[in-house]
>>> print(open('final-v5.tsv').read())   # TSV, C-alpha atoms
chain	number	residue	atom	x	y	z
A	17	LYS	CA	0.00	0.00	0.00
A	18	PRO	CA	1.53	3.37	-0.96
A	19	PRO	CA	2.02	6.12	1.64
A	20	ALA	CA	-0.81	8.62	2.08
A	21	GLY	CA	-1.11	10.91	-0.92
A	22	ARG	CA	1.02	8.67	-3.14
A	23	VAL	CA	0.33	6.06	-5.81
A	24	PRO	CA	2.52	3.02	-6.60
A	25	TRP	CA	3.97	4.62	-9.72
A	26	ASP	CA	5.09	7.88	-8.07
A	27	LYS	CA	8.69	8.87	-8.77
A	28	PRO	CA	11.15	7.64	-6.09
A	29	LYS	CA	13.15	10.33	-4.29
A	30	ALA	CA	16.37	8.84	-5.64
A	31	LEU	CA	15.24	9.73	-9.16
A	32	SER	CA	13.81	13.10	-8.18
A	33	ASN	CA	17.20	14.30	-6.89
A	34	ALA	CA	19.39	12.47	-9.41
A	35	PRO	CA	22.43	14.37	-10.75
A	36	LYS	CA	23.08	14.72	-14.48
A	37	ASN	CA	22.77	11.27	-16.01
A	38	LEU	CA	20.46	9.34	-18.33
A	39	PHE	CA	17.41	10.60	-16.42
A	40	SER	CA	18.30	14.26	-16.96
A	41	LEU	CA	18.52	14.08	-20.77
A	42	LYS	CA	15.85	15.78	-22.88
A	43	LEU	CA	15.06	13.71	-25.96
A	44	MET	CA	13.06	14.43	-29.11
A	45	THR	CA	11.98	10.79	-29.53
A	46	ASN	CA	12.22	7.82	-27.22
A	47	THR	CA	11.34	4.23	-28.16
A	48	ILE	CA	10.94	1.50	-25.56
A	49	ASP	CA	11.07	-1.99	-27.07
A	50	GLU	CA	9.53	-5.02	-25.31
A	51	GLY	CA	7.44	-2.61	-23.24
A	52	GLN	CA	5.70	-5.45	-21.38
A	53	ASN	CA	8.94	-6.08	-19.46
A	54	PHE	CA	8.43	-2.81	-17.58
A	55	ARG	CA	4.75	-3.22	-16.69
A	56	ASN	CA	5.03	-3.96	-12.95
A	57	CYS	CA	5.31	-1.05	-10.53
A	58	GLY	CA	8.84	-0.90	-9.14
A	59	SER	CA	12.29	0.44	-9.97
A	60	LYS	CA	12.20	-0.61	-13.66
A	61	HIS	CA	8.76	0.89	-14.22
A	62	ALA	CA	9.72	4.12	-12.40
A	63	ALA	CA	12.95	4.42	-14.41
A	64	VAL	CA	11.11	4.09	-17.73
A	65	LEU	CA	8.48	6.65	-16.68
A	66	GLU	CA	11.22	9.11	-15.70
A	67	ILE	CA	13.10	8.72	-19.00
A	68	LEU	CA	9.91	9.02	-21.06
A	69	GLU	CA	8.81	12.10	-19.13
A	70	HIS	CA	11.66	14.04	-20.77
A	71	SER	CA	10.78	12.85	-24.29
A	72	THR	CA	8.70	14.82	-26.77
A	73	ILE	CA	7.58	11.75	-28.72
A	74	ARG	CA	7.08	8.44	-26.92
A	75	GLN	CA	6.77	5.06	-28.58
A	76	VAL	CA	6.23	1.84	-26.66
A	77	LEU	CA	6.58	-1.36	-28.69
A	78	THR	CA	5.10	-4.66	-27.57
A	79	ALA	CA	3.74	-7.84	-29.12
A	80	THR	CA	2.18	-8.79	-25.78
A	81	PRO	CA	0.24	-5.77	-24.46
A	82	LEU	CA	-1.77	-7.96	-22.07
A	83	GLN	CA	0.19	-10.40	-19.92
A	84	THR	CA	-1.65	-11.83	-16.95
A	85	SER	CA	-3.81	-8.98	-15.70
A	86	THR	CA	-5.87	-6.07	-17.02
A	87	LYS	CA	-3.76	-3.72	-14.89
A	88	ASP	CA	-0.97	-4.34	-17.43
A	89	ILE	CA	-3.01	-2.24	-19.87
A	90	ALA	CA	-2.89	0.64	-17.39
A	91	ALA	CA	0.90	0.25	-17.15
A	92	MET	CA	1.16	0.74	-20.92
A	93	GLY	CA	-1.02	3.84	-20.60
A	94	ARG	CA	1.34	5.35	-18.03
A	95	MET	CA	4.35	4.70	-20.24
A	96	VAL	CA	2.83	6.52	-23.22
A	97	GLY	CA	1.88	9.40	-20.91
A	98	LEU	CA	-1.92	9.21	-20.84
A	99	PRO	CA	-2.96	11.49	-17.92
A	100	HIS	CA	-5.77	9.24	-16.70
A	101	PHE	CA	-3.43	6.35	-15.90
A	102	LEU	CA	-1.20	8.65	-13.82
A	103	SER	CA	-4.08	9.93	-11.68
A	104	ASP	CA	-5.36	8.98	-8.22
A	105	GLN	CA	-8.63	7.98	-9.91
A	106	ALA	CA	-6.80	5.32	-11.90
A	107	TRP	CA	-5.38	3.89	-8.66
A	108	LEU	CA	-8.86	3.74	-7.10
A	109	GLU	CA	-10.27	2.06	-10.23
A	110	GLU	CA	-7.46	-0.49	-10.24
A	111	LYS	CA	-8.13	-1.43	-6.61
A	112	GLN	CA	-11.85	-1.83	-7.35
A	113	ASP	CA	-11.07	-3.91	-10.44
A	114	GLN	CA	-8.97	-6.31	-8.39
A	115	ALA	CA	-11.77	-6.60	-5.81
A	116	ASP	CA	-14.28	-7.39	-8.58
A	117	LEU	CA	-11.95	-10.04	-10.03
A	118	ARG	CA	-11.51	-11.69	-6.62
A	119	ALA	CA	-15.28	-11.82	-6.21
A	120	ALA	CA	-15.65	-13.33	-9.69
A	121	ARG	CA	-13.10	-16.05	-8.92
A	122	ARG	CA	-15.21	-17.17	-5.99
A	123	GLU	CA	-18.02	-17.92	-8.44
A	124	ILE	CA	-15.97	-20.42	-10.50
A	125	PRO	CA	-17.39	-23.93	-9.95
A	126	ASP	CA	-15.02	-26.60	-8.69
A	127	ASP	CA	-15.63	-28.81	-11.73
A	128	TYR	CA	-14.81	-26.07	-14.24
A	129	ASN	CA	-12.66	-27.42	-17.10
A	130	PRO	CA	-11.30	-24.91	-19.66
A	131	LEU	CA	-10.19	-27.77	-21.90
A	132	VAL	CA	-13.80	-28.37	-22.87
A	133	ILE	CA	-14.16	-26.67	-26.25
A	134	GLY	CA	-17.16	-24.37	-26.55
A	135	GLU	CA	-17.63	-23.88	-22.82
A	136	ALA	CA	-19.23	-20.55	-21.91
A	137	ASP	CA	-17.07	-17.75	-20.52
A	138	ASP	CA	-16.56	-17.89	-16.78
A	139	PRO	CA	-17.31	-14.92	-14.45
A	140	VAL	CA	-13.64	-13.87	-14.39
A	141	THR	CA	-13.48	-13.47	-18.17
A	142	GLU	CA	-16.70	-11.45	-18.13
A	143	VAL	CA	-15.30	-9.02	-15.55
A	144	GLN	CA	-11.97	-8.79	-17.39
A	145	ASN	CA	-13.72	-7.92	-20.64
A	146	LYS	CA	-15.67	-5.09	-18.96
A	147	ILE	CA	-12.47	-3.69	-17.45
A	148	ALA	CA	-10.61	-3.92	-20.76
A	149	GLU	CA	-13.43	-2.16	-22.62
A	150	ARG	CA	-13.34	0.70	-20.11
A	151	LEU	CA	-9.57	1.07	-20.37
A	152	ARG	CA	-9.63	0.92	-24.14
A	153	THR	CA	-11.53	4.20	-24.38
A	154	GLN	CA	-8.53	5.98	-22.84
A	155	PHE	CA	-6.28	4.87	-25.73
A	156	GLU	CA	-8.42	6.28	-28.55
A	157	GLY	CA	-6.18	7.19	-31.51
A	158	ARG	CA	-2.97	6.23	-29.71
A	159	VAL	CA	-2.48	2.58	-30.72
A	160	VAL	CA	-0.87	1.50	-33.98
A	161	ARG	CA	-1.63	-2.18	-34.39
A	162	ARG	CA	0.25	-4.33	-36.86
A	163	THR	CA	-1.54	-7.45	-38.01
A	164	VAL	CA	-0.86	-10.14	-40.59
A	165	ALA	CA	-3.36	-8.44	-42.90
A	166	SER	CA	-1.57	-5.08	-42.62
A	167	LEU	CA	1.54	-6.65	-44.17
A	168	ASN	CA	-0.49	-8.03	-47.06
A	169	TRP	CA	1.04	-11.50	-46.82
A	170	ASN	CA	-0.84	-14.28	-48.54
A	171	LEU	CA	-0.31	-16.83	-45.77
A	172	PRO	CA	-2.21	-19.94	-44.72
A	173	PRO	CA	-3.89	-19.71	-41.30
A	174	ILE	CA	-2.20	-20.93	-38.14
A	175	GLN	CA	-3.56	-24.30	-37.06
A	176	LYS	CA	-3.68	-24.55	-33.26
A	177	VAL	CA	-3.93	-27.97	-31.62
A	178	ILE	CA	-4.34	-28.68	-27.91
A	179	ALA	CA	-3.26	-32.27	-27.36
A	180	PRO	CA	-4.25	-33.74	-23.96
A	181	ILE	CA	-2.26	-36.95	-23.46
A	182	SER	CA	-3.16	-39.54	-20.83
A	183	PRO	CA	-0.22	-40.18	-18.46
A	184	ARG	CA	1.23	-43.64	-18.04
A	185	PRO	CA	0.20	-45.53	-14.88
A	186	TRP	CA	3.38	-44.73	-12.96
A	187	GLU	CA	3.12	-41.06	-13.93
A	188	ALA	CA	-0.54	-40.90	-12.90
A	189	LYS	CA	0.30	-42.42	-9.51
A	190	THR	CA	3.07	-39.90	-8.81
A	191	LEU	CA	0.97	-36.97	-10.02
A	192	SER	CA	-1.87	-38.13	-7.76
A	193	ILE	CA	0.44	-38.06	-4.73
A	194	LEU	CA	1.77	-34.64	-5.72
A	195	GLY	CA	-1.79	-33.39	-6.22
A	196	GLU	CA	-2.77	-34.46	-2.71
A	197	ARG	CA	0.31	-32.71	-1.38
A	198	VAL	CA	-0.83	-29.51	-3.10
A	199	LYS	CA	-4.20	-29.71	-1.37
A	200	ASP	CA	-2.51	-30.14	2.00
A	201	ASN	CA	-0.23	-27.12	1.48
A	202	VAL	CA	-2.73	-24.60	0.18
A	203	SER	CA	-4.11	-22.36	2.91
A	204	MET	CA	-7.83	-22.20	3.69
A	205	SER	CA	-8.06	-18.60	2.49
A	206	ASN	CA	-6.57	-19.46	-0.88
A	207	SER	CA	-8.90	-22.42	-1.14
A	208	ILE	CA	-11.92	-20.19	-0.59
A	209	LEU	CA	-10.70	-17.64	-3.17
A	210	LYS	CA	-9.76	-20.41	-5.61
A	211	ILE	CA	-6.25	-18.94	-5.88
A	212	VAL	CA	-3.22	-21.23	-5.74
A	213	SER	CA	0.30	-19.83	-5.56
A	214	ASN	CA	2.71	-21.36	-8.06
A	215	SER	CA	5.19	-21.99	-5.25
A	216	PHE	CA	2.77	-24.54	-3.75
A	217	TYR	CA	2.64	-26.78	-6.82
A	218	ILE	CA	5.94	-26.45	-8.63
A	219	GLU	CA	6.66	-30.20	-8.33
A	220	TYR	CA	3.18	-30.95	-9.69
A	221	ARG	CA	3.61	-28.64	-12.66
A	222	MET	CA	7.04	-30.04	-13.50
A	223	GLY	CA	5.67	-33.55	-12.96
A	224	ALA	CA	3.66	-33.24	-16.16
A	225	SER	CA	6.93	-33.71	-18.04
A	226	TRP	CA	8.90	-35.83	-15.59
A	227	PRO	CA	7.10	-36.86	-12.37
A	228	ARG	CA	9.31	-36.85	-9.27
A	229	MET	CA	8.50	-36.33	-5.63
A	230	THR	CA	10.86	-33.36	-5.06
A	231	GLN	CA	12.94	-31.04	-7.23
A	232	THR	CA	16.10	-32.48	-5.63
A	233	ASP	CA	15.46	-35.97	-7.00
A	234	ASP	CA	17.95	-36.94	-9.69
A	235	ILE	CA	16.91	-36.78	-13.33
A	236	PRO	CA	18.32	-39.90	-15.02
A	237	THR	CA	20.16	-40.16	-18.31
A	238	PHE	CA	18.82	-42.84	-20.65
A	239	LYS	CA	21.21	-44.94	-22.69
A	240	SER	CA	18.79	-46.50	-25.21
A	241	LEU	CA	15.37	-45.95	-26.72
A	242	GLU	CA	14.28	-49.29	-25.30
A	243	GLU	CA	15.12	-48.11	-21.78
A	244	TRP	CA	13.27	-44.84	-22.38
A	245	ASN	CA	10.16	-46.59	-23.68
A	246	GLN	CA	10.04	-48.65	-20.48
A	247	LYS	CA	10.65	-45.83	-17.99
A	248	GLY	CA	10.18	-42.53	-19.83
A	249	SER	CA	7.36	-39.98	-19.65
A	250	ILE	CA	4.55	-39.98	-22.19
A	251	LYS	CA	4.74	-36.22	-22.76
A	252	TYR	CA	8.32	-36.23	-24.00
A	253	THR	CA	7.70	-39.44	-25.94
A	254	VAL	CA	4.81	-37.90	-27.87
A	255	ALA	CA	6.77	-34.68	-28.40
A	256	ALA	CA	9.73	-36.54	-29.88
A	257	GLU	CA	7.55	-38.70	-32.13
A	258	LEU	CA	5.60	-35.62	-33.23
A	259	ILE	CA	8.82	-33.81	-34.17
A	260	ARG	CA	10.17	-36.84	-36.02
A	261	HIS	CA	6.87	-37.12	-37.91
A	262	TYR	CA	6.90	-33.52	-39.19
A	263	LEU	CA	10.61	-33.66	-40.00
A	264	SER	CA	10.14	-36.75	-42.20
A	265	ARG	CA	8.54	-34.80	-45.07
A	266	ASP	CA	6.65	-31.54	-45.56
A	267	ASP	CA	3.48	-33.12	-46.94
A	268	VAL	CA	2.75	-35.56	-44.09
A	269	GLU	CA	-0.78	-35.69	-42.76
A	270	ASP	CA	-1.41	-34.15	-39.37
A	271	VAL	CA	-1.26	-36.18	-36.17
A	272	ILE	CA	-4.67	-36.79	-34.60
A	273	PHE	CA	-5.18	-36.66	-30.82
A	274	SER	CA	-8.11	-38.70	-29.52
A	275	ASN	CA	-9.02	-40.13	-26.11
A	276	GLY	CA	-5.68	-39.17	-24.61
A	277	GLN	CA	-3.68	-40.83	-27.39
A	278	ALA	CA	-1.66	-39.59	-30.37
A	279	VAL	CA	-2.55	-41.29	-33.65
A	280	PHE	CA	0.16	-41.01	-36.29
A	281	PRO	CA	-1.01	-41.44	-39.92
A	282	GLN	CA	0.64	-44.13	-41.98
A	283	PRO	CA	2.65	-43.02	-45.03
A	284	THR	CA	0.79	-43.43	-48.31
A	285	ASP	CA	2.02	-45.32	-51.38
A	286	ALA	CA	1.83	-42.10	-53.36
A	287	ALA	CA	4.47	-40.51	-51.19
A	288	SER	CA	7.44	-39.23	-53.17
A	289	SER	CA	10.67	-41.17	-52.82
A	290	THR	CA	12.56	-37.88	-52.52
A	291	PRO	CA	10.35	-35.83	-50.20
A	292	SER	CA	10.70	-32.13	-49.56
A	293	GLN	CA	12.05	-31.54	-46.03
A	294	ASN	CA	11.87	-27.84	-45.26
A	295	ASN	CA	9.85	-27.79	-42.03
A	296	LYS	CA	11.59	-25.95	-39.19
A	297	ILE	CA	10.34	-26.69	-35.68
A	298	LEU	CA	10.54	-24.64	-32.48
A	299	VAL	CA	10.06	-26.36	-29.13
A	300	TYR	CA	9.01	-24.07	-26.28
A	301	GLN	CA	10.05	-25.67	-22.98
A	302	GLU	CA	8.69	-24.12	-19.79
A	303	PHE	CA	11.13	-25.69	-17.34
A	304	THR	CA	14.71	-25.39	-18.57
A	305	SER	CA	15.95	-27.61	-15.72
A	306	LEU	CA	14.37	-30.48	-17.67
A	307	GLY	CA	16.17	-29.42	-20.85
A	308	PRO	CA	18.97	-32.03	-20.56
A	309	LEU	CA	16.35	-34.79	-20.25
A	310	PHE	CA	14.41	-33.68	-23.32
A	311	ARG	CA	17.60	-33.29	-25.35
A	312	ASN	CA	18.56	-36.79	-24.21
A	313	VAL	CA	15.24	-38.08	-25.60
A	314	LEU	CA	15.72	-36.33	-28.94
A	315	ASP	CA	19.19	-37.86	-29.19
A	316	LEU	CA	17.69	-41.32	-28.65
A	317	TYR	CA	15.26	-40.66	-31.51
A	318	GLY	CA	18.12	-39.54	-33.75
A	319	ILE	CA	16.80	-35.97	-34.02
A	320	ILE	CA	19.44	-33.28	-34.58
A	321	HIS	CA	18.61	-30.23	-32.47
A	322	LEU	CA	19.86	-26.90	-31.14
A	323	SER	CA	18.93	-25.22	-27.87
A	324	ILE	CA	19.13	-21.88	-26.07
A	325	ASP	CA	18.06	-20.85	-22.59
A	326	SER	CA	18.83	-18.24	-19.93
A	327	ASN	CA	22.32	-19.70	-19.41
A	328	THR	CA	23.32	-19.36	-23.07
A	329	PRO	CA	25.78	-16.45	-23.57
A	330	PHE	CA	24.59	-13.68	-25.87
A	331	ASP	CA	27.14	-14.35	-28.62
A	332	ARG	CA	26.40	-18.08	-28.48
A	333	ARG	CA	22.65	-17.39	-28.86
A	334	ALA	CA	23.27	-15.48	-32.09
A	335	GLU	CA	25.41	-18.33	-33.39
A	336	VAL	CA	22.75	-20.93	-32.60
A	337	VAL	CA	19.96	-18.91	-34.22
A	338	LYS	CA	22.07	-18.35	-37.33
A	339	LYS	CA	22.56	-22.12	-37.68
A	340	PHE	CA	18.86	-22.78	-37.22
A	341	CYS	CA	17.79	-20.17	-39.76
A	342	GLU	CA	20.41	-20.76	-42.44
A	343	GLU	CA	21.61	-24.37	-42.30
A	344	ASP	CA	19.39	-27.19	-43.57
A	345	GLU	CA	20.92	-29.69	-41.16
A	346	PHE	CA	19.47	-27.95	-38.11
A	347	ARG	CA	15.68	-28.00	-38.19
A	348	VAL	CA	14.77	-28.15	-34.47
A	349	LEU	CA	15.42	-25.41	-31.91
A	350	ILE	CA	14.52	-25.72	-28.21
A	351	PHE	CA	14.03	-22.39	-26.44
A	352	SER	CA	12.57	-20.84	-23.28
A	353	SER	CA	10.75	-17.58	-22.53
A	354	ILE	CA	13.93	-15.98	-21.16
A	355	GLY	CA	16.45	-17.40	-23.58
A	356	SER	CA	14.47	-16.24	-26.63
A	357	VAL	CA	13.98	-12.55	-25.79
A	358	GLY	CA	14.82	-10.34	-28.74
A	359	LEU	CA	15.54	-13.15	-31.19
A	360	ASN	CA	14.24	-13.39	-34.75
A	361	LEU	CA	13.00	-16.97	-35.21
A	362	SER	CA	10.72	-16.37	-38.18
A	363	ARG	CA	12.30	-19.23	-40.14
A	364	ALA	CA	10.15	-21.73	-38.21
A	365	ASN	CA	6.68	-22.80	-39.25
A	366	ILE	CA	5.86	-25.37	-36.54
A	367	VAL	CA	5.87	-24.74	-32.79
A	368	VAL	CA	5.52	-27.42	-30.11
A	369	PHE	CA	4.65	-26.22	-26.60
A	370	LEU	CA	5.90	-28.23	-23.62
A	371	VAL	CA	4.03	-26.28	-20.96
A	372	ARG	CA	1.68	-26.96	-18.10
A	373	SER	CA	-1.65	-25.72	-19.49
A	374	PRO	CA	-3.51	-24.35	-22.53
A	375	LYS	CA	-3.80	-20.93	-20.87
A	376	GLN	CA	-0.21	-20.22	-21.90
A	377	MET	CA	-1.29	-20.21	-25.53
A	378	ASN	CA	-2.87	-16.84	-24.67
A	379	CYS	CA	0.12	-15.43	-22.79
A	380	SER	CA	3.53	-14.18	-23.78
A	381	GLY	CA	4.82	-17.53	-25.02
A	382	PHE	CA	2.08	-18.06	-27.57
A	383	ASN	CA	2.00	-14.42	-28.67
A	384	GLU	CA	5.70	-14.61	-29.39
A	385	CYS	CA	5.29	-17.88	-31.25
A	386	SER	CA	2.38	-16.45	-33.24
A	387	ARG	CA	4.75	-13.77	-34.47
A	388	ILE	CA	7.38	-16.44	-35.17
A	389	SER	CA	4.94	-18.65	-37.03
A	390	ARG	CA	3.78	-15.85	-39.31
A	391	GLY	CA	7.12	-14.96	-40.76
A	392	PRO	CA	7.64	-14.93	-44.55
A	393	LEU	CA	6.62	-18.26	-46.05
A	394	ARG	CA	9.83	-20.16	-46.79
A	395	THR	CA	8.85	-23.67	-45.76
A	396	SER	CA	6.07	-26.11	-46.50
A	397	GLY	CA	3.01	-23.84	-46.54
A	398	ARG	CA	1.95	-25.21	-43.14
A	399	TYR	CA	1.75	-23.17	-39.94
A	400	LEU	CA	1.09	-25.39	-36.94
A	401	VAL	CA	1.11	-24.79	-33.17
A	402	VAL	CA	0.70	-27.84	-30.92
A	403	LEU	CA	0.39	-27.75	-27.14
A	404	ILE	CA	1.01	-31.12	-25.48
A	405	ASP	CA	-0.64	-31.36	-22.05
A	406	SER	CA	-0.15	-34.69	-20.31
A	407	ARG	CA	-2.75	-34.34	-17.58
A	408	ARG	CA	-6.19	-32.98	-16.90
A	409	ARG	CA	-6.83	-30.76	-13.91
A	410	ARG	CA	-8.78	-27.66	-13.03
A	411	LEU	CA	-7.04	-24.67	-14.59
A	412	SER	CA	-7.60	-20.96	-14.24
A	413	ARG	CA	-9.01	-19.25	-17.33
A	414	PRO	CA	-6.65	-17.41	-19.66
A	415	PHE	CA	-6.54	-13.68	-19.02
A	416	ILE	CA	-8.02	-12.32	-22.23
A	417	SER	CA	-9.76	-9.14	-23.28
>>> encode(input="final-v5.tsv", output="structure tokens")
Amino acid sequence: KPPAGRVPWDKPKALSNAPKNLFSLKLMTNTIDEGQNFRNCGSKHAAVLEILEHSTIRQVLTATPLQTSTKDIAAMGRMVGLPHFLSDQAWLEEKQDQADLRAARREIPDDYNPLVIGEADDPVTEVQNKIAERLRTQFEGRVVRRTVASLNWNLPPIQKVIAPISPRPWEAKTLSILGERVKDNVSMSNSILKIVSNSFYIEYRMGASWPRMTQTDDIPTFKSLEEWNQKGSIKYTVAAELIRHYLSRDDVEDVIFSNGQAVFPQPTDAASSTPSQNNKILVYQEFTSLGPLFRNVLDLYGIIHLSIDSNTPFDRRAEVVKKFCEEDEFRVLIFSSIGSVGLNLSRANIVVFLVRSPKQMNCSGFNECSRISRGPLRTSGRYLVVLIDSRRRRLSRPFIS
């Protein structure tokens, strides 16, 4: 809670009394790229506001204007200098919005399942839409939106597939134990509000890819495909087979997901003996600590791959991306949300998500991959995004507006 008479985005005293430095420059134009990285109130947000305050023309660039909350829209408004979002009234509205959202979450039924296609919007989405509509009126004439249509590209549509995969018996047993542990750890107040902190269920979320009782348990290295098929996780198995399928030739039929199983089409007799192989595949991996295991699996399947994450040095990242984009030998790139910031990966036309839930297809990861997947058509004429989810559980609705 801010001190009396102040709002969370007020300028810190350290900036107010700063000597001549970056914050004292007067600029004609100022462009902030990846504006969503500065949305949360704090030192980074305050620093950007101070720099922009001394700029005649402000431009904030973002491909993800809405992250996880409608208050992120207000943060963008402050950065572009809209008076309303810098006022005390905006602070009061934001507090009321959060109260309305908490009340709406209490109305979500326990058996709600966002994986059910065609299900009506829940109360949270309804409230979020009302808030977003109100905030949108403040931006009138101040948003330049680039779309696929604005570039006049004649591209095929993006095909999005959510692929729920049934876990193997041993995985289901471990996930069940982890799920009960989550219930025991969540406080009564959070249970009433239907809010669960990520820190309570990190093992459960990671368990979707490799179930283990604690994060300190060793992750094994597999020496053969036979060993992996006996002891490996279904999620990584399906991911590897999916990648191998789309690498085999550009004109393969799509994989079908039904009743928790992946059904791979059989090659037809009419298939060319010298197939075109131009598909480039990105694999978005949520937990980079499991990266060595997934790379181990791809090695067992004989799939050549590259990878980058938060530990990859900047110059090494550029080298890896150059190989992926320019060399035919490298057609699979594994990346994370941190390791991919600022990279141009438009060479890819297929994206495989290894994440915990479909809601991330509406957050920063999917928005970035949408931009990736709509690059100039240089591959097979197919744009495909697949999210592999190896369990079913109650999930919060995506924050959309």
>>> closest_atom_pairs(input="final-v5.tsv", of="region 280-309 of chain A", to="region 344-348 of chain A", cutoff="9 Å", atoms="all atoms listed in the file", output="JSON lines")
{"residue": "A:Gln293", "atom": "CA", "partner": "A:Asp344", "partner_atom": "CA", "distance": 8.9}
{"residue": "A:Asn294", "atom": "CA", "partner": "A:Asp344", "partner_atom": "CA", "distance": 7.7}
{"residue": "A:Asn295", "atom": "CA", "partner": "A:Arg347", "partner_atom": "CA", "distance": 7.0}
{"residue": "A:Lys296", "atom": "CA", "partner": "A:Arg347", "partner_atom": "CA", "distance": 4.7}
{"residue": "A:Ile297", "atom": "CA", "partner": "A:Val348", "partner_atom": "CA", "distance": 4.8}
{"residue": "A:Leu298", "atom": "CA", "partner": "A:Val348", "partner_atom": "CA", "distance": 5.8}
{"residue": "A:Val299", "atom": "CA", "partner": "A:Val348", "partner_atom": "CA", "distance": 7.3}
>>> closest_residue(input="final-v5.tsv", among="A:Ile250, A:Ala119, A:Val159, A:Gln154", to="Thr78 (chain A)", atoms="all atoms listed in the file")
A:Val159
>>> residues_around(input="final-v5.tsv", residues="Val313 (chain A)", least_positions_apart="5", cutoff="8 Å", atoms="all atoms listed in the file", output="list in words")
Phe238, Leu241, Trp244, Tyr252, Thr253 and Ala256 of chain A
>>> atom_distance(input="final-v5.tsv", atom1="CA of Lys27 (chain A)", atom2="CA of Ala62 (chain A)")
6.1 Å
>>> closest_residue(input="final-v5.tsv", among="A:Ser240, A:Gln112, A:Thr72, A:Thr232", to="Gly97 (chain A)", atoms="only C-alpha atoms")
A:Thr72
>>> residues_near_point(input="final-v5.tsv", point="(-0.8, -24.1, -35.2)", cutoff="8 Å", atoms="all atoms listed in the file", output="count of residues only")
10
>>> closest_residue(input="final-v5.tsv", among="A:Met92, A:Ala120, A:Val368, A:Leu191", to="Leu151 (chain A)", atoms="all atoms listed in the file")
A:Met92
>>> atom_distance(input="final-v5.tsv", atom1="CA of His61 (chain A)", atom2="CA of Phe39 (chain A)")
13.2 Å
>>> closest_residue(input="final-v5.tsv", among="A:Ser225, A:Ser292, A:Thr237, A:Ser71", to="Phe369 (chain A)", atoms="all atoms listed in the file")
A:Ser225
>>> atom_distance(input="final-v5.tsv", atom1="CA of Ser352 (chain A)", atom2="CA of Ala334 (chain A)")
14.9 Å
>>> residues_around(input="final-v5.tsv", residues="Glu242 (chain A)", least_positions_apart="3", cutoff="12 Å", atoms="only C-alpha atoms", output="list in words")
Phe238, Lys239, Asn245, Gln246, Lys247, Gly248, Thr253, Val313, Leu316 and Tyr317 of chain A
>>> closest_residue(input="final-v5.tsv", among="A:Ile272, A:Leu309, A:Val160, A:Ile73", to="Pro236 (chain A)", atoms="only C-alpha atoms")
A:Leu309
>>> closest_residue(input="final-v5.tsv", among="A:Pro24, A:Pro173, A:Pro125, A:Pro180", to="Asp104 (chain A)", atoms="all atoms listed in the file")
A:Pro24
